[in-house]
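**Q** Before I ask anything, let me first share the structure, which is written out below as C-alpha cells.
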Amino acid sequence: MELVDLAVQAVDGTRVSADASSKRSYDAKGLTKMLERLDRTIAELEGQNEWETGGPPVRLPDELANKRTLRNQVRQAMNELEDLKGRKNINLTDRDARLMKMKQGFLPAYNVQAMVSPVKTGQETSGMLITAVELVD
C-alpha cells in the first residue's frame with residue numbers, strides 16, 4: 001500500500017523573513033568601501049597602540065581585535081560574492097538570506113518552496129502530506 005498519490009502534487013512558495021539586518025547587506029562596491037574604512041581604522045588603532053619603546057603591546061585592545069575580525073569577515077564575503085555568479089549582494093549576518101521585496105520594503109528573506117501530495121487511505125484520500133521542502137534563490 002502506498003502512502004501518497006504521486007500522480008497529483010501541488011507546489012507553493014512563500015518568502016520568509018530572515019533574522020538578519022538589511023543594514024548588513026552589501027554589494028561588491030559597498031564591501032570594498034567598508035574594507036578600505038576598516039584598513040584605515042585598524043592602522044589608526046595600531047598607531048595609537050604603540051608603546052613608548054615602539055614595540056607592540058602584550059595584549060590587543062578589544063576594539064582593534066573586533067575590527068580585525070570584521071575585516072576578515074568582509075574579505076570572506078567578497079570572495080563568496082565573487083564565487084556566487086548572479087548574486088548582486090550578500091548579507092554579513094546570514095549568507096543564505098537575499099534581499100527580497102516584502103510588505104515592509106526590501107528585507108533579507110528566504111524563498112521557501114513546498115510540495116504536497118494527497119494521502120491515500122484505502123480507496124479515499126484524506127488530507128495532504130508534505131513530500132518536499134526546499135530553500136531556493
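Chain labels run A, B, ... following the order of the C-alpha cells; each chain numbers its residues from 1, and ligands are numbered from 1 in the order shown.
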Between segment 1-28 of chain A and segment 128-135 of chain A, at 12 Å or less, what are the per-residue closest atom pairs and their distances in Å? Count only C-alpha atoms, order by chain and rising residue number, and return it as a tab-separated table.

**A**
residue	atom	partner	partner_atom	distance
A:Leu3	CA	A:Leu129	CA	9.1
A:Val4	CA	A:Leu129	CA	7.5
A:Asp5	CA	A:Met128	CA	9.7
A:Leu6	CA	A:Thr131	CA	9.2
A:Val8	CA	A:Met128	CA	10.5
A:Gln9	CA	A:Thr131	CA	8.8
A:Ala10	CA	A:Ile130	CA	9.5
A:Val11	CA	A:Ala132	CA	9.0
A:Asp12	CA	A:Val133	CA	9.8
A:Gly13	CA	A:Glu134	CA	9.3
A:Thr14	CA	A:Leu135	CA	10.0
A:Arg15	CA	A:Leu135	CA	9.7
A:Val16	CA	A:Leu135	CA	10.0

**Q** For the structure I just gave you, how does DSSP split segment 4-125 of chain A - specifically, which residues are strand (DSSP E or B)? Reply as a PyMOL selection string.

**A** chain A and resi 4+10-17+25-27+89-91+98-102+105-121+124-125

**Q** May I have the selected residues written with N, CA and C atoms, as a compact mmCIF listing (two decimals), in the first residue's frame?

**A**
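The result, stored in selection.txt:
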# COMPACT_ATOMS: atom_id res chain seq x y z
N VAL A 4 1.20 7.92 -0.39
CA VAL A 4 0.77 9.12 -1.11
C VAL A 4 0.56 8.80 -2.58
N ALA A 10 1.02 19.32 -5.52
CA ALA A 10 0.85 20.77 -5.56
C ALA A 10 2.10 21.42 -4.98
N VAL A 11 2.55 22.50 -5.63
CA VAL A 11 3.74 23.22 -5.19
C VAL A 11 3.33 24.65 -4.89
N ASP A 12 3.84 25.17 -3.77
CA ASP A 12 3.58 26.57 -3.42
C ASP A 12 4.83 27.12 -2.76
N GLY A 13 4.99 28.41 -2.86
CA GLY A 13 6.15 29.04 -2.28
C GLY A 13 5.78 30.31 -1.55
N THR A 14 6.66 30.74 -0.68
CA THR A 14 6.47 31.99 0.04
C THR A 14 7.82 32.55 0.43
N ARG A 15 7.84 33.83 0.73
CA ARG A 15 9.05 34.46 1.22
C ARG A 15 8.95 34.56 2.74
N VAL A 16 10.00 34.14 3.40
CA VAL A 16 10.06 34.14 4.86
C VAL A 16 11.16 35.09 5.29
N SER A 17 10.84 36.01 6.18
CA SER A 17 11.84 36.98 6.66
C SER A 17 12.97 36.27 7.38
N SER A 25 23.58 44.05 4.53
CA SER A 25 23.61 43.54 3.17
C SER A 25 24.42 44.52 2.32
N TYR A 26 25.39 44.00 1.59
CA TYR A 26 26.29 44.84 0.80
C TYR A 26 26.48 44.26 -0.59
N ASP A 27 26.71 45.14 -1.54
CA ASP A 27 27.16 44.71 -2.86
C ASP A 27 28.69 44.78 -2.88
N ASN A 89 24.31 40.99 -4.11
CA ASN A 89 24.67 41.39 -2.74
C ASN A 89 24.76 40.18 -1.83
N ILE A 90 25.33 40.43 -0.66
CA ILE A 90 25.49 39.37 0.34
C ILE A 90 25.27 39.98 1.71
N ASN A 91 24.68 39.20 2.61
CA ASN A 91 24.42 39.68 3.96
C ASN A 91 25.50 39.12 4.88
N ARG A 98 18.61 36.63 1.14
CA ARG A 98 18.68 37.52 -0.02
C ARG A 98 17.76 38.71 0.25
N LEU A 99 18.09 39.86 -0.33
CA LEU A 99 17.19 41.00 -0.23
C LEU A 99 16.00 40.74 -1.15
N MET A 100 14.80 40.68 -0.56
CA MET A 100 13.58 40.43 -1.32
C MET A 100 12.54 41.47 -0.97
N LYS A 101 11.67 41.75 -1.94
CA LYS A 101 10.62 42.72 -1.70
C LYS A 101 9.55 42.08 -0.82
N MET A 102 9.34 42.71 0.32
CA MET A 102 8.32 42.27 1.28
C MET A 102 7.33 43.43 1.47
N GLY A 105 9.04 46.57 2.62
CA GLY A 105 10.14 47.04 1.78
C GLY A 105 11.09 45.89 1.48
N PHE A 106 12.29 46.20 1.07
CA PHE A 106 13.28 45.16 0.77
C PHE A 106 13.97 44.73 2.06
N LEU A 107 13.83 43.44 2.39
CA LEU A 107 14.39 42.88 3.62
C LEU A 107 15.11 41.57 3.31
N PRO A 108 16.07 41.17 4.16
CA PRO A 108 16.67 39.85 3.99
C PRO A 108 15.61 38.77 4.22
N ALA A 109 15.53 37.82 3.28
CA ALA A 109 14.49 36.80 3.37
C ALA A 109 14.94 35.54 2.65
N TYR A 110 14.12 34.51 2.77
CA TYR A 110 14.33 33.23 2.08
C TYR A 110 13.13 32.96 1.19
N ASN A 111 13.35 32.29 0.07
CA ASN A 111 12.27 31.84 -0.80
C ASN A 111 12.09 30.35 -0.52
N VAL A 112 11.00 29.99 0.15
CA VAL A 112 10.76 28.60 0.56
C VAL A 112 9.68 28.00 -0.33
N GLN A 113 9.96 26.83 -0.89
CA GLN A 113 9.01 26.10 -1.74
C GLN A 113 8.64 24.80 -1.06
N ALA A 114 7.36 24.45 -1.10
CA ALA A 114 6.89 23.19 -0.50
C ALA A 114 6.02 22.44 -1.51
N MET A 115 6.11 21.11 -1.48
CA MET A 115 5.29 20.26 -2.34
C MET A 115 4.46 19.34 -1.45
N VAL A 116 3.17 19.20 -1.77
CA VAL A 116 2.29 18.30 -1.03
C VAL A 116 1.64 17.32 -1.98
N SER A 117 1.30 16.16 -1.45
CA SER A 117 0.63 15.11 -2.21
C SER A 117 -0.52 14.58 -1.38
N PRO A 118 -1.61 14.13 -2.03
CA PRO A 118 -2.74 13.58 -1.28
C PRO A 118 -2.34 12.27 -0.57
N VAL A 119 -2.85 12.10 0.66
CA VAL A 119 -2.61 10.88 1.43
C VAL A 119 -3.69 9.86 1.08
N LYS A 120 -3.27 8.64 0.76
CA LYS A 120 -4.22 7.59 0.40
C LYS A 120 -4.50 6.71 1.61
N THR A 121 -5.76 6.56 1.92
CA THR A 121 -6.19 5.62 2.96
C THR A 121 -7.22 4.70 2.32
N GLU A 124 -9.83 6.09 -0.57
CA GLU A 124 -10.06 7.53 -0.42
C GLU A 124 -8.75 8.28 -0.14
N THR A 125 -8.82 9.57 -0.34
CA THR A 125 -7.71 10.42 0.07
C THR A 125 -8.17 11.23 1.28

**Q** Excluding Leu31 of chain A and any residue of its chain fewer than 5 positions from it, enumerate the residues within 12 Å of it, using only C-alpha atoms, and give them as a list of chain:residue names.

**A**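 Within the cut-off, the hits are A:Arg24, A:Ser25, A:Tyr26, A:Glu36, A:Arg37, A:Leu38, A:Leu70, A:Arg71, A:Asn72, A:Gln73, A:Val74, A:Arg75, A:Gln76, A:Ala77, A:Met78, A:Asn79, A:Glu80, A:Leu81, A:Glu82, A:Lys88, A:Asn89, A:Ile90, A:Asn91, A:Leu92.
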
**Q** Please compute the atom CA of Asp19 of chain A-atom CA of Arg95 of chain A distance, one decimal, in Å.

**A**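 Atom-to-atom, atom CA of Asp19 of chain A to atom CA of Arg95 of chain A, that is 11.3 Å.
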
**Q** List every residue of chain A that DSSP, applied to the backbone, labels as helix (DSSP H, G or I), and write the result as a PyMOL selection string.

**A** chain A and resi 22-24+28-48+62-83

**Q** Between atom CA of Leu45 of chain A and atom CA of Ala28 of chain A, what is the distance, to one decimal in Å?

**A** 25.5 Å

**Q** Just give me the gap between atom CA of Lys67 of chain A and atom CA of Ile42 of chain A in Å, one decimal is fine.

**A**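 Separation of atom CA of Lys67 of chain A and atom CA of Ile42 of chain A: 6.6 Å.
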